[in-house]
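J.: One structure follows; several queries about it will come next.
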Amino acid sequence: MSVGVRSLGSGSSGNGLLIEGDGTSLVVDCGIGPRVLASGLRAAGRTVGELDAVLLTHEHVDHVRALPRVIKERVPVIATAGTLRAAGIASGGAEAIALGGELAVAGASVTAIGVSHDAAEPCGYHVRLAGIAVTVVTDLGRPEPALAAYLAAADLIVIEANHDEAMLRAGPYPAHLKRRVLSATGHLSNAACGRLLLEALAGSRRRPTVWLAHLSTTNNRPTLARQTVQRAIAAGGFVAPVVPLPRHGHDLVWRPGLSSAETVQLSLPLG
Ligand SMILES: [Zn+2]
Ligand SMILES: [Zn+2]
């Protein structure tokens, strides 16, 4: 089986990420609808029922929409105890992971990373399998100090670049929503994402690929997000492939050793 990571969708309309290698298939978040989940997995030659586990970052609907389908197919669900409770998942078929704790899931090792977000017990994940390491952190209001080390240890970083702060402040969101997004338990801006990556790369010996996730369609632009992040890391002398994730990402695939140009190529619709 191939080793790789595939985006199944990113942003407030639904998040999902397939990570597979050495016979293990995991999905982080299932906020895309059940049909989109199934068709995304089909593009990778998989079915929902074949998944070894679904890892949930938190209970917001853009991360759990396809959960009933996942549970119906008897796929084990892994999340913090707080998220399992808030998502209304009974203990059978689910396993709680502690923040900072590590769990063996099929052939993978999974660590839950605490994040600051307005949910019950939200987290990101550091996943190691088949010789690769992937760190996924979306939906966080501010970077926690412990985050940089998990980012530094990854070959692929999937990190939120939710909004451009000036666009958000000048944009059409009502005041209470602007405050929520900008708060310490809201979402990460392009600039904050860039600062965090700069810190992570300074402590890393790897040359990771960076996928920018959970982009706002109202308060951000993919090129703006990429430029802001690239400029931030360039200040430290770093160059990394930075790819903003499209909302619908079935054909965006990362494999170890694949150049960013090839990664971007794969993201173009066929035909
Ligand atoms: Zn979200
Ligand atoms: Zn959220």
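Order determines the names: the first chain of the structure tokens is A, the second B, and so forth; residues in each chain are numbered 1 upward, and ligands are numbered 1 upward as they are shown.
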Let me have all residues with an atom within 9 Å of ligand 1, counting only C-alpha atoms and all ligand atoms, laid out as a list in words.
T.: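 Here is the list of contacting residues: Ser10, Gly11, Ser12, Ser13, Gly14, Asn15, Gly31, His58, His60, Val61, Asp62, His63, Thr138, Asp139, His187 and His214 of chain A.
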J.: Give me the residues near Ala120 (chain A) as number ranges by chain, where near means some atom within 8 Å (using only C-alpha atoms) and where sequence neighbours in that chain fewer than 2 positions away do not count.
T.: A: 58-59, 82-83, 86, 118, 122
J.: So which residues touch Leu8 (chain A) within 12 Å, counting only C-alpha atoms, skipping near sequence neighbours fewer than 5 positions away, as a PyMOL selection string?
T.: chain A and resi 13-19+27-44+63+213+245-253+267
J.: Would you put the residues from that selection into a file with C-alpha atoms, as a PDB file, in the first residue's frame?
T.:
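Contents of the output file result26.pdb:
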ATOM      1  CA  SER A  13     -17.655  23.630   4.924  1.00  0.00           C
ATOM      2  CA  GLY A  14     -15.931  20.474   6.148  1.00  0.00           C
ATOM      3  CA  ASN A  15     -12.563  19.008   7.071  1.00  0.00           C
ATOM      4  CA  GLY A  16     -11.057  15.579   6.451  1.00  0.00           C
ATOM      5  CA  LEU A  17      -7.552  14.228   5.931  1.00  0.00           C
ATOM      6  CA  LEU A  18      -6.619  10.670   4.940  1.00  0.00           C
ATOM      7  CA  ILE A  19      -3.236   9.422   6.198  1.00  0.00           C
ATOM      8  CA  VAL A  27      -8.799   9.827   8.749  1.00  0.00           C
ATOM      9  CA  VAL A  28      -8.404  12.973  10.844  1.00  0.00           C
ATOM     10  CA  ASP A  29     -11.837  14.651  11.155  1.00  0.00           C
ATOM     11  CA  CYS A  30     -14.928  13.721   9.167  1.00  0.00           C
ATOM     12  CA  GLY A  31     -16.665  17.090   8.807  1.00  0.00           C
ATOM     13  CA  ILE A  32     -17.286  16.601   5.123  1.00  0.00           C
ATOM     14  CA  GLY A  33     -20.629  14.956   4.407  1.00  0.00           C
ATOM     15  CA  PRO A  34     -20.876  11.150   4.333  1.00  0.00           C
ATOM     16  CA  ARG A  35     -21.091  11.054   0.537  1.00  0.00           C
ATOM     17  CA  VAL A  36     -18.056  13.327   0.137  1.00  0.00           C
ATOM     18  CA  LEU A  37     -16.146  11.175   2.626  1.00  0.00           C
ATOM     19  CA  ALA A  38     -17.019   8.020   0.695  1.00  0.00           C
ATOM     20  CA  SER A  39     -16.142   9.515  -2.693  1.00  0.00           C
ATOM     21  CA  GLY A  40     -12.874  10.969  -1.373  1.00  0.00           C
ATOM     22  CA  LEU A  41     -11.871   7.593  -0.005  1.00  0.00           C
ATOM     23  CA  ARG A  42     -12.918   5.916  -3.254  1.00  0.00           C
ATOM     24  CA  ALA A  43     -10.480   8.202  -5.104  1.00  0.00           C
ATOM     25  CA  ALA A  44      -7.787   6.708  -2.862  1.00  0.00           C
ATOM     26  CA  HIS A  63     -15.237  18.251  11.842  1.00  0.00           C
ATOM     27  CA  ALA A 213      -5.730  24.501   6.156  1.00  0.00           C
ATOM     28  CA  LEU A 245      -5.634  23.608   0.701  1.00  0.00           C
ATOM     29  CA  PRO A 246      -8.689  23.991  -1.505  1.00  0.00           C
ATOM     30  CA  ARG A 247     -12.116  23.572   0.107  1.00  0.00           C
ATOM     31  CA  HIS A 248     -12.602  20.380  -1.862  1.00  0.00           C
ATOM     32  CA  GLY A 249      -9.363  18.506  -1.938  1.00  0.00           C
ATOM     33  CA  HIS A 250      -9.903  14.984  -3.214  1.00  0.00           C
ATOM     34  CA  ASP A 251      -6.947  15.030  -5.547  1.00  0.00           C
ATOM     35  CA  LEU A 252      -4.443  16.927  -3.392  1.00  0.00           C
ATOM     36  CA  VAL A 253      -1.966  14.237  -2.371  1.00  0.00           C
ATOM     37  CA  SER A 267      -4.227  19.111  -7.029  1.00  0.00           C
TER      38      SER A 267
END
J.: Enter the distance from CA of Glu50 (chain A) to CA of Pro208 (chain A), in Å, rounded to one decimal.
T.: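 It comes out at 28.6 Å.
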J.: Counting only C-alpha atoms, figure out which residue out of A:Ala112, A:Ala119, A:Ala200, A:Ala87 gets nearest to Pro145 (chain A).
T.: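 Between A:Ala112, A:Ala119, A:Ala200, A:Ala87, the residue approaching Pro145 (chain A) most closely is A:Ala200.
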J.: Give me the residues within 7 Å of Ala240 (chain A) as a list in words, counting only C-alpha atoms and dropping any in the same chain fewer than 4 places off.
T.: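 Skipping anything fewer than 4 positions along the chain leaves Arg207, Pro208, Thr209 and Val210 of chain A.
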J.: DSSP on the backbone: what in region 41-169 of chain A comes out alpha helix (DSSP H), as a PDB file with C-alpha atoms, in the first residue's frame?
T.:
ATOM      1  CA  LEU A  41     -11.871   7.593  -0.005  1.00  0.00           C
ATOM      2  CA  ARG A  42     -12.918   5.916  -3.254  1.00  0.00           C
ATOM      3  CA  ALA A  43     -10.480   8.202  -5.104  1.00  0.00           C
ATOM      4  CA  VAL A  61     -19.921  20.314  12.910  1.00  0.00           C
ATOM      5  CA  ASP A  62     -17.300  21.036  10.226  1.00  0.00           C
ATOM      6  CA  HIS A  63     -15.237  18.251  11.842  1.00  0.00           C
ATOM      7  CA  VAL A  64     -17.875  15.601  12.649  1.00  0.00           C
ATOM      8  CA  LEU A  67     -19.738  10.751  12.176  1.00  0.00           C
ATOM      9  CA  PRO A  68     -23.049   8.785  12.052  1.00  0.00           C
ATOM     10  CA  ARG A  69     -21.801   7.050   8.884  1.00  0.00           C
ATOM     11  CA  VAL A  70     -18.416   6.301  10.512  1.00  0.00           C
ATOM     12  CA  ILE A  71     -20.117   4.812  13.587  1.00  0.00           C
ATOM     13  CA  LYS A  72     -22.574   2.841  11.449  1.00  0.00           C
ATOM     14  CA  ALA A  81     -12.718  12.307  26.535  1.00  0.00           C
ATOM     15  CA  GLY A  82     -14.167  15.825  26.369  1.00  0.00           C
ATOM     16  CA  THR A  83     -14.702  15.646  22.613  1.00  0.00           C
ATOM     17  CA  LEU A  84     -16.246  12.150  22.813  1.00  0.00           C
ATOM     18  CA  ARG A  85     -18.711  13.432  25.421  1.00  0.00           C
ATOM     19  CA  ALA A  86     -19.512  16.631  23.539  1.00  0.00           C
ATOM     20  CA  LEU A 147       3.144  23.134  19.395  1.00  0.00           C
ATOM     21  CA  ALA A 148       6.389  24.119  17.701  1.00  0.00           C
ATOM     22  CA  ALA A 149       8.132  20.895  18.747  1.00  0.00           C
ATOM     23  CA  TYR A 150       5.410  18.742  17.145  1.00  0.00           C
ATOM     24  CA  LEU A 151       5.580  20.836  13.985  1.00  0.00           C
ATOM     25  CA  ALA A 152       9.373  20.552  13.956  1.00  0.00           C
ATOM     26  CA  GLU A 165      -6.419  39.992  10.128  1.00  0.00           C
ATOM     27  CA  ALA A 166      -6.975  43.195   8.124  1.00  0.00           C
ATOM     28  CA  MET A 167      -9.479  41.475   5.812  1.00  0.00           C
ATOM     29  CA  LEU A 168     -11.360  40.089   8.805  1.00  0.00           C
ATOM     30  CA  ARG A 169     -11.462  43.457  10.618  1.00  0.00           C
TER      31      ARG A 169
END
J.: Could you give me, as a PyMOL selection string, the residues within 12 Å of Val110 (chain A), counting only C-alpha atoms and dropping anything in the same chain fewer than 4 positions from it?
T.: chain A and resi 19+26-28+53-56+78-79+96-106+123-129+133-136+150
J.: Using only C-alpha atoms and all ligand atoms, which of the listed residues (A:Arg74, A:His117, A:Arg142, A:Arg180) sits closest to ligand 2?
T.: A:His117
J.: Quick one, how far is CA of Gly141 (chain A) from CA of Leu188 (chain A)?
T.: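 Result for CA of Gly141 (chain A) versus CA of Leu188 (chain A): 5.3 Å, one decimal.
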J.: Would you mind telling me which residue in A:Ile233, A:Val243, A:Ala175, A:Val77 lies nearest to Leu197 (chain A) when using only C-alpha atoms?
T.: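 Answer, going by the shortest atom-to-atom distance: A:Ile233.
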J.: Where in region 89-186 of chain A does DSSP assign strand (DSSP E), given as a PyMOL selection string?
T.: chain A and resi 94-96+102-105+108-114+123-129+132-137+156-160
J.: Give me a file of those residues, with C-alpha atoms, as a tab-separated table (two decimals), in the first residue's frame.
T.:
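Resulting contents of result09.tsv:
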chain	number	residue	atom	x	y	z
A	94	ALA	CA	-14.58	4.77	20.78
A	95	GLU	CA	-11.28	5.28	22.53
A	96	ALA	CA	-10.26	8.33	24.54
A	102	GLU	CA	0.31	8.59	22.76
A	103	LEU	CA	-1.80	5.74	21.40
A	104	ALA	CA	-0.96	2.84	19.07
A	105	VAL	CA	-3.61	2.73	16.33
A	108	ALA	CA	0.48	4.07	13.56
A	109	SER	CA	1.44	5.99	16.66
A	110	VAL	CA	-0.84	8.92	17.45
A	111	THR	CA	-0.23	11.78	19.89
A	112	ALA	CA	-2.92	14.30	20.86
A	113	ILE	CA	-1.70	17.91	21.06
A	114	GLY	CA	-3.75	20.34	23.17
A	123	CYS	CA	-6.62	18.89	20.08
A	124	GLY	CA	-4.39	18.46	17.07
A	125	TYR	CA	-2.58	15.25	16.16
A	126	HIS	CA	0.95	14.10	15.52
A	127	VAL	CA	0.80	10.84	13.54
A	128	ARG	CA	3.76	8.58	12.79
A	129	LEU	CA	3.49	5.65	10.44
A	132	ILE	CA	6.72	9.45	8.02
A	133	ALA	CA	5.39	11.97	10.52
A	134	VAL	CA	2.41	14.26	9.97
A	135	THR	CA	1.28	17.03	12.34
A	136	VAL	CA	-2.28	18.35	11.95
A	137	VAL	CA	-3.37	21.48	13.85
A	156	LEU	CA	4.11	17.17	6.43
A	157	ILE	CA	2.60	20.01	8.44
A	158	VAL	CA	-1.11	20.68	8.08
A	159	ILE	CA	-1.76	23.95	9.89
A	160	GLU	CA	-4.53	26.50	10.01
J.: Which distance in Å separates CA of Val181 (chain A) and CA of Gly88 (chain A), to one decimal?
T.: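 Taking CA of Val181 (chain A) as the start and CA of Gly88 (chain A) as the end point, the length is 25.2 Å.
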J.: For region 217-226 of chain A, please output as a count of residues only all residues within 6 Å (counting only C-alpha atoms; exclusion window: fewer than 3 positions along the same chain).
T.: 8
J.: From the options A:Gly131, A:Pro256, A:Gly45, A:Gly186, which residue's atoms come nearest to ligand 2, counting only C-alpha atoms and all ligand atoms?
T.: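 Checking each candidate against ligand 2, we get A:Gly186 as the closest.
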J.: Of the candidates A:Thr57, A:Ala154, A:Pro241, A:Gly107, which shows the shortest atom-to-atom distance to ligand 2, using only C-alpha atoms and all ligand atoms?
T.: A:Thr57
J.: Go through A:Ala191, A:Glu121, A:Leu177, A:Gly236 one by one, measure the shortest atom-to-atom distance of each to Gly203 (chain A) using only C-alpha atoms, and give the residue with the smallest value.
T.: A:Gly236
